[in-house]
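Printed here is input-v5.txt (compact mmCIF, C-alpha atoms):
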# COMPACT_ATOMS: atom_id res chain seq x y z
CA MET X 1 0.00 0.00 0.00
CA LYS X 2 1.47 3.36 -1.07
CA ARG X 3 1.34 6.33 1.25
CA LEU X 4 -0.46 9.29 -0.21
CA PRO X 5 1.03 12.80 -0.34
CA GLU X 6 -0.61 15.68 1.55
CA ARG X 7 -1.88 17.29 -1.62
CA VAL X 8 -4.12 15.66 -4.15
CA SER X 9 -5.67 16.85 -7.37
CA PHE X 10 -8.28 15.42 -9.74
CA ASP X 11 -9.05 15.39 -13.43
CA PRO X 12 -12.62 16.37 -14.42
CA GLU X 13 -14.04 12.84 -14.55
CA ALA X 14 -12.50 11.81 -11.22
CA PHE X 15 -13.69 15.11 -9.72
CA VAL X 16 -17.27 14.23 -10.65
CA GLU X 17 -16.92 10.79 -9.01
CA ILE X 18 -15.48 12.28 -5.83
CA ASN X 19 -18.39 14.70 -5.55
CA ARG X 20 -21.15 12.16 -6.07
CA LYS X 21 -23.60 12.16 -3.14
CA ARG X 22 -23.13 8.44 -2.64
CA ASN X 23 -19.41 9.09 -1.91
CA ARG X 24 -20.24 11.74 0.66
CA ASP X 25 -18.56 10.11 3.71
CA PHE X 26 -15.55 9.44 1.58
CA LEU X 27 -15.42 13.10 0.48
CA GLU X 28 -15.60 14.27 4.09
CA PHE X 29 -12.64 12.05 4.95
CA LEU X 30 -10.74 13.42 1.97
CA LEU X 31 -11.41 17.03 3.00
CA ALA X 32 -10.36 16.27 6.58
CA GLU X 33 -7.08 14.57 5.72
CA PHE X 34 -5.81 16.19 2.51
CA GLN X 35 -5.40 19.52 0.82
CA VAL X 36 -7.30 19.15 -2.41
CA VAL X 37 -5.87 21.39 -5.12
CA VAL X 38 -7.81 21.45 -8.37
CA SER X 39 -7.13 23.20 -11.63
CA PHE X 40 -9.79 25.58 -12.91
CA PHE X 41 -9.87 23.28 -15.96
CA THR X 42 -10.95 20.43 -13.69
CA VAL X 43 -13.86 22.38 -12.21
CA HIS X 44 -14.84 23.92 -15.57
CA PRO X 45 -17.11 21.01 -16.70
CA TYR X 46 -18.61 20.83 -13.18
CA LEU X 47 -19.49 24.54 -13.39
CA LEU X 48 -20.68 24.13 -16.96
CA GLY X 49 -23.12 21.46 -15.76
CA LYS X 50 -24.35 23.78 -13.01
CA ALA X 51 -24.76 26.64 -15.53
CA TYR X 52 -26.64 24.29 -17.88
CA LEU X 53 -29.03 23.54 -15.02
CA GLY X 54 -29.50 27.27 -14.35
CA LYS X 55 -27.68 27.31 -10.99
CA ASP X 56 -26.12 30.49 -9.59
CA LEU X 57 -22.45 30.23 -10.61
CA GLU X 58 -21.23 32.70 -7.96
CA ASN X 59 -22.67 30.45 -5.23
CA GLU X 60 -21.27 27.33 -6.85
CA VAL X 61 -17.76 28.80 -7.14
CA ARG X 62 -17.92 30.02 -3.53
CA ALA X 63 -18.89 26.53 -2.32
CA LEU X 64 -16.12 24.91 -4.37
CA GLY X 65 -13.60 27.46 -3.07
CA GLU X 66 -14.53 26.66 0.54
CA ALA X 67 -14.04 22.93 0.02
CA TYR X 68 -11.08 22.96 -2.39
CA THR X 69 -8.16 25.12 -3.44
CA ILE X 70 -8.97 26.12 -7.00
CA VAL X 71 -5.91 27.05 -9.07
CA TYR X 72 -6.73 29.62 -11.72
CA PRO X 73 -4.40 29.76 -14.74
CA THR X 74 -1.65 32.34 -14.47
CA LYS X 75 0.57 33.51 -17.31
CA GLU X 76 3.46 31.46 -15.85
CA LEU X 77 1.33 28.31 -15.68
CA LEU X 78 0.11 28.74 -19.25
CA LEU X 79 3.66 29.30 -20.56
CA ARG X 80 4.97 26.29 -18.63
CA ALA X 81 2.15 24.20 -20.15
CA ILE X 82 3.03 25.39 -23.68
CA GLU X 83 6.72 24.52 -23.09
CA ILE X 84 5.75 21.01 -22.05
CA GLU X 85 3.28 20.74 -24.93
CA ALA X 86 6.07 21.63 -27.40
CA ARG X 87 8.35 18.96 -25.90
CA LEU X 88 5.54 16.40 -26.16
CA ILE X 89 4.91 17.28 -29.81
CA LYS X 90 8.64 16.76 -30.51
CA ARG X 91 8.06 13.23 -29.18
CA SER X 92 4.96 12.96 -31.44
CA ILE X 93 2.66 13.00 -28.40
CA PHE X 94 -0.48 15.11 -28.76
CA LEU X 95 -2.45 15.77 -25.56
CA SER X 96 -5.34 18.18 -25.20
CA PHE X 97 -4.24 21.51 -23.78
CA ASP X 98 -6.76 21.13 -20.92
CA ASP X 99 -5.14 17.82 -19.91
CA ILE X 100 -1.71 19.42 -20.03
CA LEU X 101 -2.89 22.34 -17.87
CA ILE X 102 -4.47 19.95 -15.36
CA GLY X 103 -1.23 17.95 -15.23
CA VAL X 104 1.02 21.01 -14.99
CA THR X 105 -1.16 22.44 -12.19
CA ALA X 106 -0.63 19.21 -10.23
CA ILE X 107 3.14 19.26 -10.95
CA GLU X 108 3.53 22.91 -9.90
CA ASN X 109 1.57 22.31 -6.68
CA ASN X 110 3.33 19.06 -5.74
CA ALA X 111 0.01 17.27 -5.84
CA LEU X 112 -0.84 13.69 -6.77
CA LEU X 113 -3.16 13.74 -9.79
CA VAL X 114 -6.04 11.27 -9.48
CA SER X 115 -7.62 10.29 -12.78
CA SER X 116 -10.20 7.76 -13.93
CA GLU X 117 -7.98 7.32 -16.99
CA PRO X 118 -4.39 7.68 -15.68
CA SER X 119 -2.81 6.47 -18.94
CA ARG X 120 -3.94 9.76 -20.52
CA TYR X 121 -1.49 11.64 -18.29
CA LYS X 122 1.41 9.14 -18.40
CA PRO X 123 3.44 11.27 -20.89
CA LEU X 124 3.55 14.01 -18.24
CA GLU X 125 5.32 11.78 -15.71
CA LYS X 126 8.58 12.63 -17.49
CA TYR X 127 8.00 16.25 -16.37
CA GLY X 128 7.35 15.38 -12.74
CA LEU X 129 3.69 14.36 -12.66
CA ASN X 130 2.63 11.81 -10.05
CA VAL X 131 -0.56 10.19 -11.34
CA MET X 132 -2.81 7.50 -9.82
CA GLY X 133 -5.96 5.75 -11.03
CA LEU X 134 -9.21 6.56 -9.26
CA ASN X 135 -9.83 2.97 -8.15
CA SER X 136 -6.34 2.66 -6.64
CA PHE X 137 -6.91 5.99 -4.90
CA PHE X 138 -10.20 4.71 -3.48
CA ASP X 139 -8.37 1.62 -2.18
CA GLU X 140 -5.67 3.75 -0.54
CA LEU X 141 -8.22 6.02 1.06
CA ARG X 142 -10.31 3.10 2.29
CA GLU X 143 -7.22 1.73 4.04
CA LEU X 144 -6.40 5.14 5.55
CA ALA X 145 -9.98 5.55 6.72
CA ARG X 146 -9.73 2.17 8.49
CA GLU X 147 -6.50 3.26 10.20
CA GLU X 148 -8.01 6.59 11.25
CA ALA X 149 -11.16 4.92 12.50
CA ALA X 150 -9.06 2.59 14.66
CA LYS X 151 -7.05 5.54 15.99
CA TRP X 152 -10.23 7.36 17.00
CA GLU X 153 -11.83 4.21 18.36
CA VAL X 154 -14.60 4.30 15.79
CA ARG X 155 -15.71 1.01 14.35
CA PRO X 156 -14.49 0.61 10.72
CA SER X 157 -18.02 -0.33 9.66
CA GLU X 158 -19.01 3.29 10.37
CA VAL X 159 -16.74 4.50 7.58
CA SER X 160 -18.54 3.70 4.40
CA SER X 161 -16.70 2.56 1.31
CA PRO X 162 -16.57 4.79 -1.76
CA GLU X 163 -18.73 3.77 -4.66
CA ARG X 164 -18.57 4.69 -8.28
CA GLU X 165 -20.46 3.95 -11.42
CA MET W 1 1.34 13.62 26.97
CA LYS W 2 0.96 17.42 26.63
CA THR W 3 -0.57 20.01 28.94
CA ILE W 4 -2.71 22.91 27.77
CA ALA W 5 -3.82 26.00 29.73
CA VAL W 6 -7.52 26.91 29.82
CA ASP W 7 -9.31 29.65 31.77
CA GLU W 8 -11.75 28.93 34.61
CA ASP W 9 -14.91 29.21 32.46
CA THR W 10 -13.54 26.83 29.84
CA TRP W 11 -12.46 24.40 32.57
CA GLU W 12 -15.96 24.38 34.08
CA ALA W 13 -17.50 23.88 30.62
CA ILE W 14 -15.14 21.01 29.84
CA LYS W 15 -15.90 19.33 33.18
CA LYS W 16 -19.63 19.50 32.42
CA LEU W 17 -19.04 18.17 28.92
CA LYS W 18 -16.98 15.26 30.28
CA VAL W 19 -20.00 14.14 32.31
CA ARG W 20 -22.50 14.72 29.50
CA LEU W 21 -20.35 12.93 26.93
CA GLU W 22 -19.63 10.11 29.40
CA ALA W 23 -15.95 10.51 28.53
CA ARG W 24 -13.36 8.61 30.53
CA SER W 25 -10.72 11.37 30.26
CA TYR W 26 -10.27 14.97 29.13
CA ASP W 27 -8.32 13.64 26.18
CA GLU W 28 -11.48 11.79 25.16
CA VAL W 29 -13.55 14.97 25.60
CA LEU W 30 -11.23 16.84 23.23
CA LYS W 31 -11.24 13.98 20.73
CA LYS W 32 -15.04 13.99 20.73
CA LEU W 33 -15.12 17.77 20.30
CA ILE W 34 -12.68 17.55 17.38
CA GLN W 35 -14.79 14.79 15.82
CA ALA W 36 -17.93 16.90 16.24
CA TRP W 37 -16.21 19.92 14.66
CA HIS W 38 -15.06 17.78 11.74
CA ARG W 39 -18.57 16.45 11.29
CA VAL W 40 -20.20 19.88 11.25
CA GLU W 41 -17.53 21.74 9.25
CA LEU W 42 -16.89 18.98 6.75
CA ASP W 43 -20.54 18.06 6.52
CA MET W 44 -21.33 21.63 5.41
CA LYS W 45 -18.50 21.72 2.89
CA ALA W 46 -19.29 18.31 1.45
CA GLU W 47 -23.01 19.03 1.30
CA SER W 48 -22.45 22.21 -0.71
CA VAL W 49 -20.41 20.47 -3.43
CA SER W 50 -22.12 17.07 -3.54
CA ILE W 51 -23.99 16.21 -6.72
CA ASP W 52 -26.66 13.59 -7.31
CA ASP W 53 -26.30 10.91 -9.97
CA GLU W 54 -28.39 12.83 -12.50
CA GLU W 55 -26.11 15.88 -12.24
CA ALA W 56 -23.00 13.68 -12.32
CA GLU W 57 -24.13 11.96 -15.51
CA LEU W 58 -24.95 15.31 -17.11
CA ILE W 59 -21.44 16.64 -16.35
CA LEU W 60 -19.80 13.42 -17.58
CA ASN W 61 -21.81 13.72 -20.81
CA ILE W 62 -20.71 17.32 -21.20
CA ILE W 63 -17.07 16.22 -20.79
CA LYS W 64 -17.56 13.45 -23.36
CA ASN W 65 -19.20 15.82 -25.85
CA MET W 66 -16.55 18.51 -25.31
CA LYS W 67 -13.90 15.96 -26.27
CA LYS W 68 -15.85 14.87 -29.33
CA GLY W 69 -16.63 18.42 -30.42
CA GLY W 70 -19.75 19.20 -32.45
CA GLN W 71 -21.55 21.80 -34.51
CA GLY W 72 -24.94 21.80 -32.83
CA ASP W 73 -26.54 19.00 -34.83
CA GLU W 74 -26.40 16.49 -32.03
CA GLU W 75 -28.66 16.20 -29.01
CA ALA W 76 -27.79 18.34 -25.99
CA PRO W 77 -26.34 16.43 -23.00
Any chance you could give the structure as structure tokens?
Amino acid sequence: MKRLPERVSFDPEAFVEINRKRNRDFLEFLLAEFQVVVSFFTVHPYLLGKAYLGKDLENEVRALGEAYTIVYPTKELLLRAIEIEARLIKRSIFLSFDDILIGVTAIENNALLVSSEPSRYKPLEKYGLNVMGLNSFFDELRELAREEAAKWEVRPSEVSSPERE
Amino acid sequence: MKTIAVDEDTWEAIKKLKVRLEARSYDEVLKKLIQAWHRVELDMKAESVSIDDEEAELILNIIKNMKKGGQGDEEAP
């Protein structure tokens, strides 16, 4: 079992899974134990969904900002992403710019990137990205939750397991 | 073991809490208070960002369609 770093980040699909109501206990544990740093490009589809449903975006962004650290793109981040993109193209690797920005945000913030499709980000490992699949992350967290529950004398059965589609 | 200083009012409040919480020690009282704080604080944060399955599927469909691209001929998510 790997030990997880203090900071974790998510790609858009994994971010949706983490925020599902059915994974609520799991999310609370995550927020208690880790600093969750997410790229604006990770929360973009989440906000797009909320906008599509007619929700108040100011409220949604405020709620996200209270739960997570949202990293907005700076000039430096964008330039770093383009540098990496150019190096990837020289290796005939073509990633979407959003994926590169999500990866570079994780690299620059020393965060583990959790993805439901980790192979998509593998080319960025060469530039310092630490990436993990969502299911492996769930397994790691489940184990940590068990350890924490034992430490606080709470029965492990009280910590529900994460579920996903 | 560590020692912390509290004022008289806090001490009285903690003593009452120890009885009400049926805690065996002051360490247990603090642990229960920390747990309660986590529950309330984290419960509020998690509640405000949690999405039901319908919303989750909508967002996943948006992501899928964004990757595919489109010119408006296809069905909305």
Show me a table, sorted first by chain and then by increasing residue number, of the residues of range 17-129 of chain X having an atom at most 7 Å from range 26-50 of chain W, each with its shortest atom pair and the distance in Å to one decimal, counting only C-alpha atoms and written as a tab-separated table.
residue	atom	partner	partner_atom	distance
X:Asn19	CA	W:Ser50	CA	4.9
X:Arg20	CA	W:Ser50	CA	5.6
X:Lys21	CA	W:Ser50	CA	5.1
X:Arg24	CA	W:Ala46	CA	6.7
X:Leu27	CA	W:Ala46	CA	6.6
X:Glu28	CA	W:Leu42	CA	5.6
X:Leu31	CA	W:Leu42	CA	6.9
X:Ala63	CA	W:Ser48	CA	5.8
X:Leu64	CA	W:Val49	CA	6.2
X:Glu66	CA	W:Lys45	CA	6.8
X:Ala67	CA	W:Lys45	CA	5.4
Query raised in the report: Of the candidates X:Leu30, X:Val37, X:Leu78, X:Ile89, which one gets nearest to Pro123 in chain X if we count all atoms listed in the file?
Result: X:Ile89
Near chain W, 10 Å: chain X residue rows, closest pairs, all atoms listed in the file, as a tab-separated table:
residue	atom	partner	partner_atom	distance
X:Pro12	CA	W:Ile63	CA	7.8
X:Glu13	CA	W:Leu60	CA	6.5
X:Ala14	CA	W:Leu60	CA	9.8
X:Phe15	CA	W:Ala56	CA	9.8
X:Val16	CA	W:Ala56	CA	6.0
X:Glu17	CA	W:Ala56	CA	7.5
X:Ile18	CA	W:Ser50	CA	8.5
X:Asn19	CA	W:Ser50	CA	4.9
X:Arg20	CA	W:Ile51	CA	5.0
X:Lys21	CA	W:Ser50	CA	5.1
X:Arg22	CA	W:Asp52	CA	7.8
X:Asn23	CA	W:Ser50	CA	8.6
X:Arg24	CA	W:Ala46	CA	6.7
X:Asp25	CA	W:Ala46	CA	8.5
X:Phe26	CA	W:Ala46	CA	9.6
X:Leu27	CA	W:Ala46	CA	6.6
X:Glu28	CA	W:Leu42	CA	5.6
X:Phe29	CA	W:Leu42	CA	8.3
X:Leu30	CA	W:Leu42	CA	9.6
X:Leu31	CA	W:Leu42	CA	6.9
X:Ala32	CA	W:Leu42	CA	7.1
X:His44	CA	W:Ile63	CA	9.6
X:Pro45	CA	W:Ile59	CA	6.2
X:Tyr46	CA	W:Ile59	CA	6.0
X:Leu47	CA	W:Ile59	CA	8.7
X:Leu48	CA	W:Ile59	CA	7.6
X:Gly49	CA	W:Ile59	CA	5.1
X:Lys50	CA	W:Glu55	CA	8.1
X:Tyr52	CA	W:Leu58	CA	9.2
X:Leu53	CA	W:Glu55	CA	8.7
X:Asn59	CA	W:Ser48	CA	9.4
X:Glu60	CA	W:Val49	CA	7.7
X:Val61	CA	W:Val49	CA	9.5
X:Arg62	CA	W:Ser48	CA	9.5
X:Ala63	CA	W:Ser48	CA	5.8
X:Leu64	CA	W:Val49	CA	6.2
X:Gly65	CA	W:Lys45	CA	9.6
X:Glu66	CA	W:Lys45	CA	6.8
X:Ala67	CA	W:Lys45	CA	5.4
X:Tyr68	CA	W:Lys45	CA	9.2
X:Ser96	CA	W:Lys67	CA	8.9
X:Trp152	CA	W:Lys31	CA	7.7
X:Glu165	CA	W:Asp53	CA	9.2
Query - Coordinates-based distance that separates CA of Thr42 in chain X from CA of Arg7 in chain X (Å, one decimal) - result: 15.4 Å
Report summary line: Among X:Glu76, X:Asp11, X:Glu143, X:Glu6, Glu33 in chain X is approached most closely, using all atoms listed in the file, by X:Glu6
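Between CA of Ile93 in chain X and CA of Lys126 in chain X lies a distance of 12.4 Å.
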Centre, x/y/z edge lengths, axis-aligned box for range 96-106 of chain X with 4 Å per side, as lines of an AutoDock Vina configuration file:
center_x = -2.9
center_y = 20.1
center_z = -17.7
size_x = 15.8
size_y = 12.6
size_z = 23.0
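Between CA of Tyr127 in chain X and CA of Phe40 in chain X lies a distance of 20.4 Å.
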Around the point (0.8, 12.5, -1.1) (coordinates from the file), which residues reach within 9 Å if we count only C-alpha atoms? Answer as a CSV table (one decimal) with C-alpha atoms, in the frame of the given file.
chain,number,residue,atom,x,y,z
X,3,ARG,CA,1.3,6.3,1.2
X,4,LEU,CA,-0.5,9.3,-0.2
X,5,PRO,CA,1.0,12.8,-0.3
X,6,GLU,CA,-0.6,15.7,1.6
X,7,ARG,CA,-1.9,17.3,-1.6
X,8,VAL,CA,-4.1,15.7,-4.2
X,34,PHE,CA,-5.8,16.2,2.5
X,110,ASN,CA,3.3,19.1,-5.7
X,111,ALA,CA,0.0,17.3,-5.8
X,112,LEU,CA,-0.8,13.7,-6.8
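Each of X:Val36, X:Val131, X:Glu83, X:Lys75 was checked against Ser116 in chain X using all atoms listed in the file; the smallest atom-to-atom distance is that of X:Val131.
Minimum atom-to-atom distances from X:Leu124, X:Val43, X:Leu141, X:Val114 to Ala81 in chain X were compared using only C-alpha atoms, and the lowest value belongs to X:Leu124.
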